[in-house]
$ cat start02.cif   # mmCIF, C-alpha atoms
data_entry
loop_
_atom_site.group_PDB
_atom_site.id
_atom_site.type_symbol
_atom_site.label_atom_id
_atom_site.label_comp_id
_atom_site.auth_asym_id
_atom_site.auth_seq_id
_atom_site.Cartn_x
_atom_site.Cartn_y
_atom_site.Cartn_z
ATOM 1 C CA MET X 1 28.004 -11.600 -50.849
ATOM 2 C CA LYS X 2 24.298 -10.789 -51.023
ATOM 3 C CA LYS X 3 23.480 -13.815 -48.860
ATOM 4 C CA ILE X 4 25.958 -12.726 -46.188
ATOM 5 C CA ALA X 5 24.521 -9.192 -46.185
ATOM 6 C CA SER X 6 20.948 -10.486 -45.923
ATOM 7 C CA VAL X 7 21.865 -12.848 -43.070
ATOM 8 C CA VAL X 8 23.634 -10.013 -41.211
ATOM 9 C CA CYS X 9 20.602 -7.745 -41.715
ATOM 10 C CA LEU X 10 18.319 -10.512 -40.441
ATOM 11 C CA PHE X 11 20.392 -10.960 -37.275
ATOM 12 C CA LEU X 12 20.501 -7.193 -36.680
ATOM 13 C CA PHE X 13 16.734 -6.975 -37.064
ATOM 14 C CA MET X 14 16.172 -9.876 -34.656
ATOM 15 C CA GLY X 15 18.571 -8.340 -32.168
ATOM 16 C CA MET X 16 16.742 -5.010 -32.241
ATOM 17 C CA ALA X 17 13.403 -6.792 -31.760
ATOM 18 C CA ASN X 18 14.737 -8.547 -28.662
ATOM 19 C CA VAL X 19 15.994 -5.247 -27.221
ATOM 20 C CA SER X 20 12.596 -3.587 -27.623
ATOM 21 C CA LEU X 21 10.897 -6.625 -26.081
ATOM 22 C CA ALA X 22 13.275 -6.482 -23.126
ATOM 23 C CA GLN X 23 12.583 -2.770 -22.649
ATOM 24 C CA SER X 24 8.831 -3.367 -22.487
ATOM 25 C CA LYS X 25 9.353 -6.139 -19.917
ATOM 26 C CA VAL X 26 11.523 -3.809 -17.830
ATOM 27 C CA LYS X 27 8.761 -1.195 -17.842
ATOM 28 C CA GLU X 28 6.193 -3.770 -16.691
ATOM 29 C CA VAL X 29 8.448 -5.005 -13.897
ATOM 30 C CA LYS X 30 9.210 -1.424 -12.847
ATOM 31 C CA LYS X 31 5.486 -0.662 -12.625
ATOM 32 C CA GLU X 32 4.827 -3.778 -10.520
ATOM 33 C CA VAL X 33 7.720 -3.023 -8.183
ATOM 34 C CA LYS X 34 6.449 0.520 -7.701
ATOM 35 C CA LYS X 35 2.936 -0.749 -6.933
ATOM 36 C CA ASP X 36 4.223 -3.351 -4.460
ATOM 37 C CA ALA X 37 6.509 -0.822 -2.788
ATOM 38 C CA LYS X 38 3.523 1.456 -2.249
ATOM 39 C CA LYS X 39 1.572 -1.415 -0.647
ATOM 40 C CA VAL X 40 4.484 -2.195 1.671
ATOM 41 C CA GLY X 41 4.785 1.475 2.600
ATOM 42 C CA HIS X 42 1.089 1.718 3.482
ATOM 43 C CA LYS X 43 1.213 -1.432 5.584
ATOM 44 C CA THR X 44 4.335 -0.220 7.383
ATOM 45 C CA ALA X 45 2.655 3.105 8.149
ATOM 46 C CA GLU X 46 -0.457 1.321 9.433
ATOM 47 C CA VAL X 47 1.509 -0.988 11.737
ATOM 48 C CA ALA X 48 3.656 1.874 13.032
ATOM 49 C CA SER X 49 0.649 4.120 13.684
ATOM 50 C CA LYS X 50 -1.290 1.392 15.465
ATOM 51 C CA GLY X 51 1.752 0.454 17.540
ATOM 52 C CA LYS X 52 2.296 4.043 18.587
ATOM 53 C CA ALA X 53 -1.404 4.434 19.414
ATOM 54 C CA LYS X 54 -1.370 1.331 21.620
ATOM 55 C CA VAL X 55 1.619 2.677 23.549
ATOM 56 C CA THR X 56 0.740 6.362 23.884
ATOM 57 C CA ASP X 57 -3.072 6.456 23.820
ATOM 58 C CA LYS X 58 -5.882 4.565 25.504
ATOM 59 C CA GLU X 59 -7.932 1.990 23.646
ATOM 60 C CA TYR X 60 -11.709 2.362 24.001
ATOM 61 C CA LYS X 61 -12.843 -1.126 25.046
ATOM 62 C CA ASP X 62 -16.649 -0.735 24.889
ATOM 63 C CA LYS X 63 -17.037 1.097 21.566
ATOM 64 C CA VAL X 64 -15.950 0.600 17.930
ATOM 65 C CA GLY X 65 -15.812 2.868 14.914
ATOM 66 C CA PRO X 66 -18.379 3.188 12.117
ATOM 67 C CA ASN X 67 -16.975 0.086 10.345
ATOM 68 C CA ASN X 68 -15.968 -1.836 13.503
ATOM 69 C CA GLU X 69 -12.505 -0.235 13.760
ATOM 70 C CA THR X 70 -10.619 -0.079 17.041
ATOM 71 C CA ILE X 71 -11.085 3.316 18.702
ATOM 72 C CA TYR X 72 -8.278 5.128 20.512
ATOM 73 C CA ILE X 73 -8.499 8.130 22.844
ATOM 74 C CA ASP X 74 -5.706 10.711 22.579
ATOM 75 C CA ASP X 75 -4.371 13.104 25.247
ATOM 76 C CA HIS X 76 -7.066 15.679 24.434
ATOM 77 C CA SER X 77 -9.903 13.145 24.936
ATOM 78 C CA LYS X 78 -10.632 12.925 21.213
ATOM 79 C CA TYR X 79 -11.650 9.620 19.625
ATOM 80 C CA TYR X 80 -9.988 8.317 16.471
ATOM 81 C CA TRP X 81 -9.338 5.179 14.433
ATOM 82 C CA ILE X 82 -6.463 4.342 12.075
ATOM 83 C CA ASP X 83 -7.002 3.381 8.421
ATOM 84 C CA LYS X 84 -4.968 1.041 6.187
ATOM 85 C CA LYS X 85 -2.618 3.868 5.203
ATOM 86 C CA GLY X 86 -1.806 4.785 8.803
ATOM 87 C CA HIS X 87 -3.915 7.973 8.886
ATOM 88 C CA ARG X 88 -5.959 8.976 11.906
ATOM 89 C CA HIS X 89 -9.669 9.606 11.406
ATOM 90 C CA TYR X 90 -11.291 11.487 14.257
ATOM 91 C CA VAL X 91 -14.881 10.620 15.138
ATOM 92 C CA THR X 92 -17.489 12.110 17.445
ATOM 93 C CA ASP X 93 -19.327 10.364 20.269
ATOM 94 C CA THR X 94 -22.414 9.957 18.087
ATOM 95 C CA GLU X 95 -20.489 8.050 15.398
ATOM 96 C CA LEU X 96 -19.306 5.378 17.835
ATOM 97 C CA LYS X 97 -21.113 2.032 18.048
ATOM 98 C CA THR X 98 -21.349 -0.357 20.986
ATOM 99 C CA LYS X 99 -18.945 -3.265 20.670
ATOM 100 C CA GLU X 100 -20.686 -6.609 20.143
ATOM 101 C CA GLU X 101 -19.173 -9.591 21.940
ATOM 102 C CA GLN X 102 -18.460 -12.579 19.700
#
$ encode --input "start02.cif" --output "structure tokens"
Amino acid sequence: MKKIASVVCLFLFMGMANVSLAQSKVKEVKKEVKKDAKKVGHKTAEVASKGKAKVTDKEYKDKVGPNNETIYIDDHSKYYWIDKKGHRHYVTDTELKTKEEQ
């Protein structure tokens, strides 16, 4: 009887260990999915913003931004570039650089 009880206790202990291991794996996977979803969201916002800018605003052909970004001109004649998160960053005339031909 003692052997049966000890074997049952051993199986219960092993089962509980596997459950806790599975829970930690689920947390890791959840964290990775959240991180990847954020990356996809930023890229989607960037592509959408750049697409809208190409359709609605003019692209400045002769100048680039401080880090060689494409410059757009909006309806109010303001210059801006779009970052990797899809946000507009307005720049002044003095911050623009001449585009180098490759």
$ closest_residue --input "start02.cif" --among "X:His76, X:Trp81, X:Lys34, X:Val26" --to "X:Ala53" --atoms "only C-alpha atoms"
X:Trp81
$ residues_near_point --input "start02.cif" --point "(-13.0, 2.1, 14.1)" --cutoff "9 Å" --atoms "all atoms listed in the file" --output "MDAnalysis selection string"
chainID X and resid 63:72 80:83 89 91 96
$ write_last_selection --input "start02.cif" --atoms "C-alpha atoms" --output "PDB file, keeping the file's coordinate frame"
ATOM      1  CA  LYS X  63     -17.037   1.097  21.566  1.00  0.00           C
ATOM      2  CA  VAL X  64     -15.950   0.600  17.930  1.00  0.00           C
ATOM      3  CA  GLY X  65     -15.812   2.868  14.914  1.00  0.00           C
ATOM      4  CA  PRO X  66     -18.379   3.188  12.117  1.00  0.00           C
ATOM      5  CA  ASN X  67     -16.975   0.086  10.345  1.00  0.00           C
ATOM      6  CA  ASN X  68     -15.968  -1.836  13.503  1.00  0.00           C
ATOM      7  CA  GLU X  69     -12.505  -0.235  13.760  1.00  0.00           C
ATOM      8  CA  THR X  70     -10.619  -0.079  17.041  1.00  0.00           C
ATOM      9  CA  ILE X  71     -11.085   3.316  18.702  1.00  0.00           C
ATOM     10  CA  TYR X  72      -8.278   5.128  20.512  1.00  0.00           C
ATOM     11  CA  TYR X  80      -9.988   8.317  16.471  1.00  0.00           C
ATOM     12  CA  TRP X  81      -9.338   5.179  14.433  1.00  0.00           C
ATOM     13  CA  ILE X  82      -6.463   4.342  12.075  1.00  0.00           C
ATOM     14  CA  ASP X  83      -7.002   3.381   8.421  1.00  0.00           C
ATOM     15  CA  HIS X  89      -9.669   9.606  11.406  1.00  0.00           C
ATOM     16  CA  VAL X  91     -14.881  10.620  15.138  1.00  0.00           C
ATOM     17  CA  LEU X  96     -19.306   5.378  17.835  1.00  0.00           C
TER      18      LEU X  96
END
$ residues_near_point --input "start02.cif" --point "(-23.0, -4.4, 20.2)" --cutoff "9 Å" --atoms "all atoms listed in the file" --output "PDB file with C-alpha atoms, keeping the file's coordinate frame"
ATOM      1  CA  ASP X  62     -16.649  -0.735  24.889  1.00  0.00           C
ATOM      2  CA  LYS X  63     -17.037   1.097  21.566  1.00  0.00           C
ATOM      3  CA  VAL X  64     -15.950   0.600  17.930  1.00  0.00           C
ATOM      4  CA  LYS X  97     -21.113   2.032  18.048  1.00  0.00           C
ATOM      5  CA  THR X  98     -21.349  -0.357  20.986  1.00  0.00           C
ATOM      6  CA  LYS X  99     -18.945  -3.265  20.670  1.00  0.00           C
ATOM      7  CA  GLU X 100     -20.686  -6.609  20.143  1.00  0.00           C
ATOM      8  CA  GLU X 101     -19.173  -9.591  21.940  1.00  0.00           C
TER       9      GLU X 101
END
$ closest_residue --input "start02.cif" --among "X:Lys84, X:Glu95, X:Lys61, X:Lys27" --to "X:Gly41" --atoms "only C-alpha atoms"
X:Lys84
$ atom_distance --input "start02.cif" --atom1 "atom CA of X:Lys25" --atom2 "atom CA of X:His42"
26.0 Å
